[in-house]
Amino acid sequence: MFFSNKEKVELAPNKSDRQLCWDSRDRFFECLSANHIDNSLDQKQLKNVESKCGTTKKEFESNCVSSWIKYFQEKRYNDLIRQRYIEKLESEGAQPLPFKIDTIKKE
Amino acid sequence: MITRSVIRSSIGSVNRVSNKQFTISTRYLQKLKNEKNEQPEKPKKRPLSRVAIGGTSSDSKYASKSQGLEFATWKAITLLIIGGGLGTYFFQKEKEKIQKYKEMEANKPVGKPLVGGPFHLVDTNGNDFTEQNLKDPQGKRFSILYFGFTHCPDVCPEELDKLGDMVNHLNEHGVDLQPIFITCDPARDSKEAIDLYLKDFHPKIIGLTGTYDEVKNTCKKYRVYFSTPPNVKSGQDYLVDHSIFFYVIDPEGNFTNVIGRESSAIEGAEKIIKDSENFIPESQRIEKKQGIFGFLYK
């Protein structure tokens with residue numbers, strides 16, 4: 001197989017690593033919410049993010065692996081959009097479905 | 001068959017007893033007739049208006065004798081109660097069983113779902129693991145499959161914690177469950193990596209990996225979608241997209257249910273408990289369909 005040439009495969013973060021990452025992520029996102037920044041990956045917002053939440057961002061980036069850093073910020077933005085959309089629909093009098101839909105969620 | 005012959009014999013004995021009773025009572029009737037034939041001579045004929053309403057003392061004497069209670073002697077009554085009770089109990093029990101069976105059949109989706117099939121992977125100790133390992137010769141243990149990868153940011157760890165809770169909950173209710181974690185990222189998830197990763201979760205969870213083709217085949221069999229980003233350089237960090245369901249497998253290795261992310265550990269566990277209560281091994285299912293009450297199961 002193409003991956004059988006023994007390369008140093010990095011190990012996944014363990015439980016304490018994950019917790020550390022999640023905690024610093026939560027602090028960073030709290031700061032973003034307090035400063036009304038929705039999309040922290042937006043190029044136009046980048047300056048704003050750096051000036052207001054620079055320290056929490058650095059901490060977040062040092063505690064999490066690179067793929068997660070992007071993932072969590074994308075997820076936060078998507079969740080915000082979705083949440084607002086649901087709120088908008090509900091304010092227009094939309095009713096939640098009386099049954100569950102099994103959704104396929106991506107990670 | 002045994003119960004049936006017992007019932008037949010008990011019916012026979014009821015007949016015999018009642019025949020006996022019948023002959024006795026006819027004999028008694030004849031006796032009564034004789035008495036009646038003798039009687040008219042004895043008392044003087046009185047006008048009807050003189051006869052006391054409700055009969056004289058002599059009348060009531062005959063009345064008490066001719067009350068037709070001979071049919072219901074204590075023997076007949078006890079036989080009726082025992083026979084009737086046994087019959088009711090037996091039929092009630094059978095009815096309940098049939099109802100449960102039908103309920104299970106109704107719960108099954110129409111046709112056989114095309115989920116599952118032969119696969120070959122290795123566990124963290126390097127032993128082969130195939131679809132045969134999902135089967136339990138005792139017909140008791142259910143299995144649950146979860147597809148994920150060790151670099152998973154937030155969903156997999158949550159779901160694996162949930163899996164541990166499910167195993168514990170089922171254990172308290174006496175249901176044996178074999179939890180299995182299958183990686184979708186064989187390039188990075190070696191046996192050692194998975195072993196290390198699963199140390200943070202329930203100790204019963206079995207971790208499986210294999211070559212890329214083996215993993216791809218398994219995922220295909222279980223209708224799991226996963227995509228590794230193309231052109232990944234070695235050492236580069238990436239995420240794997242994959243569908244996140246728990247697949248419940250019965251002791252015969254057949255897929256029975258899925259548990260989605262929205263259900264809690266307790267809800268998922270209750271689903272499995274229900275499945276295990278409704279599970280009837282294949283041999284018993286065939287036996288039932290071929291048995292004397294087979295028509296009830298069709």
# chains A, B, ... in the order shown; residues from 1 in each chain; ligands from 1
call {"tool": "interface_residues", "arguments": {"of": "chain B", "to": "chain A", "cutoff": "7 Å", "atoms": "only C-alpha atoms", "output": "VMD selection string"}}
result
chain B and resid 150 to 151 153 155 187 to 188 193 197 200 235 237 to 239 241 to 244 260
call {"tool": "atom_distance", "arguments": {"atom1": "atom CA of Asp26 of chain A", "atom2": "atom CA of Gln43 of chain A"}}
result
21.5 Å
call {"tool": "select_by_dssp", "arguments": {"residues": "chain A", "states": "alpha helix (DSSP H)", "output": "JSON, numbers by chain"}}
result
{"A": [15, 16, 17, 18, 19, 20, 21, 22, 23, 24, 25, 26, 27, 28, 29, 30, 31, 32, 33, 34, 46, 47, 48, 49, 50, 51, 52, 53, 54, 55, 56, 57, 58, 59, 60, 61, 62, 63, 66, 67, 68, 69, 70, 71, 72, 73, 74, 75, 76, 77, 78, 79, 80, 81, 82, 83, 84, 85, 86, 87, 88, 89, 90, 91]}
call {"tool": "write_last_selection", "arguments": {"atoms": "C-alpha atoms", "output": "PDB file, in the first residue's frame"}}
result
ATOM      1  CA  LYS A  15      -8.640  13.301  26.127  1.00  0.00           C
ATOM      2  CA  SER A  16      -6.772  16.008  28.029  1.00  0.00           C
ATOM      3  CA  ASP A  17      -5.545  17.555  24.759  1.00  0.00           C
ATOM      4  CA  ARG A  18      -9.088  17.641  23.495  1.00  0.00           C
ATOM      5  CA  GLN A  19     -10.378  19.232  26.670  1.00  0.00           C
ATOM      6  CA  LEU A  20      -7.634  21.862  26.568  1.00  0.00           C
ATOM      7  CA  CYS A  21      -8.484  22.666  22.952  1.00  0.00           C
ATOM      8  CA  TRP A  22     -12.225  22.831  23.597  1.00  0.00           C
ATOM      9  CA  ASP A  23     -11.763  25.109  26.596  1.00  0.00           C
ATOM     10  CA  SER A  24      -9.581  27.588  24.741  1.00  0.00           C
ATOM     11  CA  ARG A  25     -11.974  27.404  21.779  1.00  0.00           C
ATOM     12  CA  ASP A  26     -14.874  28.325  24.055  1.00  0.00           C
ATOM     13  CA  ARG A  27     -12.960  31.298  25.439  1.00  0.00           C
ATOM     14  CA  PHE A  28     -12.067  32.505  21.940  1.00  0.00           C
ATOM     15  CA  PHE A  29     -15.666  32.151  20.732  1.00  0.00           C
ATOM     16  CA  GLU A  30     -16.987  33.951  23.809  1.00  0.00           C
ATOM     17  CA  CYS A  31     -14.763  36.863  22.922  1.00  0.00           C
ATOM     18  CA  LEU A  32     -15.975  36.786  19.302  1.00  0.00           C
ATOM     19  CA  SER A  33     -19.617  36.815  20.386  1.00  0.00           C
ATOM     20  CA  ALA A  34     -18.991  39.682  22.806  1.00  0.00           C
ATOM     21  CA  LEU A  46      -9.412  39.411  10.325  1.00  0.00           C
ATOM     22  CA  LYS A  47      -8.062  42.747  11.548  1.00  0.00           C
ATOM     23  CA  ASN A  48     -10.962  43.138  13.925  1.00  0.00           C
ATOM     24  CA  VAL A  49     -10.403  39.630  15.284  1.00  0.00           C
ATOM     25  CA  GLU A  50      -6.708  40.242  15.819  1.00  0.00           C
ATOM     26  CA  SER A  51      -7.202  43.538  17.639  1.00  0.00           C
ATOM     27  CA  LYS A  52     -10.062  42.428  19.893  1.00  0.00           C
ATOM     28  CA  CYS A  53      -9.508  38.719  20.507  1.00  0.00           C
ATOM     29  CA  GLY A  54      -5.855  38.342  19.571  1.00  0.00           C
ATOM     30  CA  THR A  55      -4.712  36.697  22.790  1.00  0.00           C
ATOM     31  CA  THR A  56      -7.557  34.169  23.023  1.00  0.00           C
ATOM     32  CA  LYS A  57      -7.070  33.377  19.353  1.00  0.00           C
ATOM     33  CA  LYS A  58      -3.375  32.664  19.860  1.00  0.00           C
ATOM     34  CA  GLU A  59      -4.173  30.412  22.787  1.00  0.00           C
ATOM     35  CA  PHE A  60      -6.823  28.593  20.756  1.00  0.00           C
ATOM     36  CA  GLU A  61      -4.424  28.065  17.871  1.00  0.00           C
ATOM     37  CA  SER A  62      -1.648  26.774  20.077  1.00  0.00           C
ATOM     38  CA  ASN A  63      -3.899  24.292  21.900  1.00  0.00           C
ATOM     39  CA  SER A  66      -4.495  22.774  12.610  1.00  0.00           C
ATOM     40  CA  SER A  67      -7.414  20.901  11.037  1.00  0.00           C
ATOM     41  CA  TRP A  68      -9.560  21.569  14.094  1.00  0.00           C
ATOM     42  CA  ILE A  69      -8.793  25.288  14.143  1.00  0.00           C
ATOM     43  CA  LYS A  70     -10.407  25.770  10.757  1.00  0.00           C
ATOM     44  CA  TYR A  71     -13.194  23.280  11.428  1.00  0.00           C
ATOM     45  CA  PHE A  72     -14.360  24.855  14.665  1.00  0.00           C
ATOM     46  CA  GLN A  73     -14.473  28.366  13.213  1.00  0.00           C
ATOM     47  CA  GLU A  74     -16.401  27.184  10.162  1.00  0.00           C
ATOM     48  CA  LYS A  75     -18.765  25.250  12.381  1.00  0.00           C
ATOM     49  CA  ARG A  76     -19.390  28.241  14.622  1.00  0.00           C
ATOM     50  CA  TYR A  77     -20.296  30.405  11.639  1.00  0.00           C
ATOM     51  CA  ASN A  78     -22.594  27.744  10.133  1.00  0.00           C
ATOM     52  CA  ASP A  79     -24.304  27.132  13.452  1.00  0.00           C
ATOM     53  CA  LEU A  80     -24.867  30.871  13.906  1.00  0.00           C
ATOM     54  CA  ILE A  81     -26.417  31.207  10.454  1.00  0.00           C
ATOM     55  CA  ARG A  82     -28.615  28.212  11.056  1.00  0.00           C
ATOM     56  CA  GLN A  83     -29.682  29.392  14.493  1.00  0.00           C
ATOM     57  CA  ARG A  84     -30.637  32.801  13.106  1.00  0.00           C
ATOM     58  CA  TYR A  85     -32.556  31.208  10.278  1.00  0.00           C
ATOM     59  CA  ILE A  86     -34.519  29.056  12.707  1.00  0.00           C
ATOM     60  CA  GLU A  87     -35.258  32.111  14.846  1.00  0.00           C
ATOM     61  CA  LYS A  88     -36.403  34.008  11.791  1.00  0.00           C
ATOM     62  CA  LEU A  89     -38.731  31.177  10.767  1.00  0.00           C
ATOM     63  CA  GLU A  90     -40.109  30.861  14.269  1.00  0.00           C
ATOM     64  CA  SER A  91     -40.790  34.591  14.455  1.00  0.00           C
TER      65      SER A  91
END
call {"tool": "atom_distance", "arguments": {"atom1": "atom CA of Thr183 of chain B", "atom2": "atom CA of Phe149 of chain B"}}
result
4.9 Å
call {"tool": "select_by_dssp", "arguments": {"residues": "segment 72-231 of chain B", "states": "strand (DSSP E or B)", "output": "ChimeraX atom specification"}}
result
/B:120-123,128-130,142-148,177-183,206-209,226-227
call {"tool": "atom_distance", "arguments": {"atom1": "atom CA of Ile266 of chain B", "atom2": "atom CA of Asp250 of chain B"}}
result
18.8 Å
call {"tool": "residues_around", "arguments": {"residues": "segment 214-228 of chain B", "least_positions_apart": "2", "cutoff": "6 Å", "atoms": "only C-alpha atoms", "output": "ChimeraX atom specification"}}
result
/B:115-117,119,210-212,240-243
call {"tool": "write_last_selection", "arguments": {"atoms": "all heavy atoms", "output": "PDB file, in the first residue's frame"}}
result
ATOM      1  N   VAL B 115     -27.947  -3.775   4.427  1.00  0.00           N
ATOM      2  CA  VAL B 115     -26.897  -3.190   5.255  1.00  0.00           C
ATOM      3  C   VAL B 115     -26.103  -4.340   5.854  1.00  0.00           C
ATOM      4  O   VAL B 115     -26.681  -5.288   6.374  1.00  0.00           O
ATOM      5  CB  VAL B 115     -27.485  -2.306   6.365  1.00  0.00           C
ATOM      6  CG1 VAL B 115     -26.396  -1.785   7.270  1.00  0.00           C
ATOM      7  CG2 VAL B 115     -28.272  -1.151   5.767  1.00  0.00           C
ATOM      8  N   GLY B 116     -24.798  -4.258   5.771  1.00  0.00           N
ATOM      9  CA  GLY B 116     -23.949  -5.298   6.329  1.00  0.00           C
ATOM     10  C   GLY B 116     -23.507  -6.281   5.264  1.00  0.00           C
ATOM     11  O   GLY B 116     -23.904  -6.185   4.105  1.00  0.00           O
ATOM     12  N   GLY B 117     -22.663  -7.200   5.680  1.00  0.00           N
ATOM     13  CA  GLY B 117     -22.130  -8.187   4.748  1.00  0.00           C
ATOM     14  C   GLY B 117     -20.725  -8.558   5.153  1.00  0.00           C
ATOM     15  O   GLY B 117     -20.222  -8.089   6.175  1.00  0.00           O
ATOM     16  N   PHE B 119     -16.874  -8.736   5.683  1.00  0.00           N
ATOM     17  CA  PHE B 119     -15.759  -7.781   5.684  1.00  0.00           C
ATOM     18  C   PHE B 119     -14.586  -8.395   6.430  1.00  0.00           C
ATOM     19  O   PHE B 119     -14.753  -9.389   7.134  1.00  0.00           O
ATOM     20  CB  PHE B 119     -16.172  -6.440   6.314  1.00  0.00           C
ATOM     21  CG  PHE B 119     -16.569  -6.525   7.767  1.00  0.00           C
ATOM     22  CD1 PHE B 119     -15.612  -6.457   8.776  1.00  0.00           C
ATOM     23  CD2 PHE B 119     -17.911  -6.636   8.135  1.00  0.00           C
ATOM     24  CE1 PHE B 119     -15.969  -6.515  10.122  1.00  0.00           C
ATOM     25  CE2 PHE B 119     -18.267  -6.697   9.482  1.00  0.00           C
ATOM     26  CZ  PHE B 119     -17.307  -6.634  10.467  1.00  0.00           C
ATOM     27  N   GLY B 210      -7.715  -1.558   9.068  1.00  0.00           N
ATOM     28  CA  GLY B 210      -7.333  -2.464   7.988  1.00  0.00           C
ATOM     29  C   GLY B 210      -6.656  -1.663   6.903  1.00  0.00           C
ATOM     30  O   GLY B 210      -6.302  -0.499   7.119  1.00  0.00           O
ATOM     31  N   THR B 211      -6.498  -2.260   5.752  1.00  0.00           N
ATOM     32  CA  THR B 211      -5.957  -1.501   4.629  1.00  0.00           C
ATOM     33  C   THR B 211      -7.057  -0.567   4.128  1.00  0.00           C
ATOM     34  O   THR B 211      -8.231  -0.717   4.483  1.00  0.00           O
ATOM     35  CB  THR B 211      -5.547  -2.441   3.484  1.00  0.00           C
ATOM     36  OG1 THR B 211      -6.728  -3.089   3.004  1.00  0.00           O
ATOM     37  CG2 THR B 211      -4.557  -3.490   3.947  1.00  0.00           C
ATOM     38  N   TYR B 212      -6.658   0.377   3.294  1.00  0.00           N
ATOM     39  CA  TYR B 212      -7.628   1.326   2.777  1.00  0.00           C
ATOM     40  C   TYR B 212      -8.775   0.603   2.077  1.00  0.00           C
ATOM     41  O   TYR B 212      -9.953   0.914   2.297  1.00  0.00           O
ATOM     42  CB  TYR B 212      -6.947   2.301   1.799  1.00  0.00           C
ATOM     43  CG  TYR B 212      -7.896   3.315   1.226  1.00  0.00           C
ATOM     44  CD1 TYR B 212      -8.207   4.476   1.934  1.00  0.00           C
ATOM     45  CD2 TYR B 212      -8.499   3.117  -0.019  1.00  0.00           C
ATOM     46  CE1 TYR B 212      -9.096   5.403   1.411  1.00  0.00           C
ATOM     47  CE2 TYR B 212      -9.386   4.036  -0.539  1.00  0.00           C
ATOM     48  CZ  TYR B 212      -9.689   5.180   0.178  1.00  0.00           C
ATOM     49  OH  TYR B 212     -10.560   6.091  -0.325  1.00  0.00           O
ATOM     50  N   VAL B 240     -11.763  13.937   8.167  1.00  0.00           N
ATOM     51  CA  VAL B 240     -12.458  12.994   7.297  1.00  0.00           C
ATOM     52  C   VAL B 240     -13.955  13.222   7.457  1.00  0.00           C
ATOM     53  O   VAL B 240     -14.462  13.260   8.570  1.00  0.00           O
ATOM     54  CB  VAL B 240     -12.105  11.532   7.668  1.00  0.00           C
ATOM     55  CG1 VAL B 240     -12.822  10.561   6.750  1.00  0.00           C
ATOM     56  CG2 VAL B 240     -10.609  11.314   7.601  1.00  0.00           C
ATOM     57  N   ASP B 241     -14.621  13.398   6.344  1.00  0.00           N
ATOM     58  CA  ASP B 241     -16.081  13.495   6.358  1.00  0.00           C
ATOM     59  C   ASP B 241     -16.649  12.089   6.457  1.00  0.00           C
ATOM     60  O   ASP B 241     -16.244  11.215   5.705  1.00  0.00           O
ATOM     61  CB  ASP B 241     -16.546  14.091   5.021  1.00  0.00           C
ATOM     62  CG  ASP B 241     -16.794  15.575   5.141  1.00  0.00           C
ATOM     63  OD1 ASP B 241     -16.593  16.115   6.244  1.00  0.00           O
ATOM     64  OD2 ASP B 241     -17.176  16.186   4.128  1.00  0.00           O
ATOM     65  N   HIS B 242     -17.581  11.894   7.335  1.00  0.00           N
ATOM     66  CA  HIS B 242     -18.214  10.562   7.367  1.00  0.00           C
ATOM     67  C   HIS B 242     -19.582  10.644   8.015  1.00  0.00           C
ATOM     68  O   HIS B 242     -19.860  11.554   8.780  1.00  0.00           O
ATOM     69  CB  HIS B 242     -17.336   9.552   8.099  1.00  0.00           C
ATOM     70  CG  HIS B 242     -17.171   9.832   9.568  1.00  0.00           C
ATOM     71  ND1 HIS B 242     -17.962   9.240  10.512  1.00  0.00           N
ATOM     72  CD2 HIS B 242     -16.333  10.643  10.238  1.00  0.00           C
ATOM     73  CE1 HIS B 242     -17.591   9.670  11.707  1.00  0.00           C
ATOM     74  NE2 HIS B 242     -16.618  10.527  11.575  1.00  0.00           N
ATOM     75  N   SER B 243     -20.445   9.657   7.688  1.00  0.00           N
ATOM     76  CA  SER B 243     -21.770   9.632   8.312  1.00  0.00           C
ATOM     77  C   SER B 243     -21.650   9.025   9.700  1.00  0.00           C
ATOM     78  O   SER B 243     -20.819   8.155   9.944  1.00  0.00           O
ATOM     79  CB  SER B 243     -22.758   8.866   7.447  1.00  0.00           C
ATOM     80  OG  SER B 243     -22.143   7.772   6.826  1.00  0.00           O
TER      81      SER B 243
END
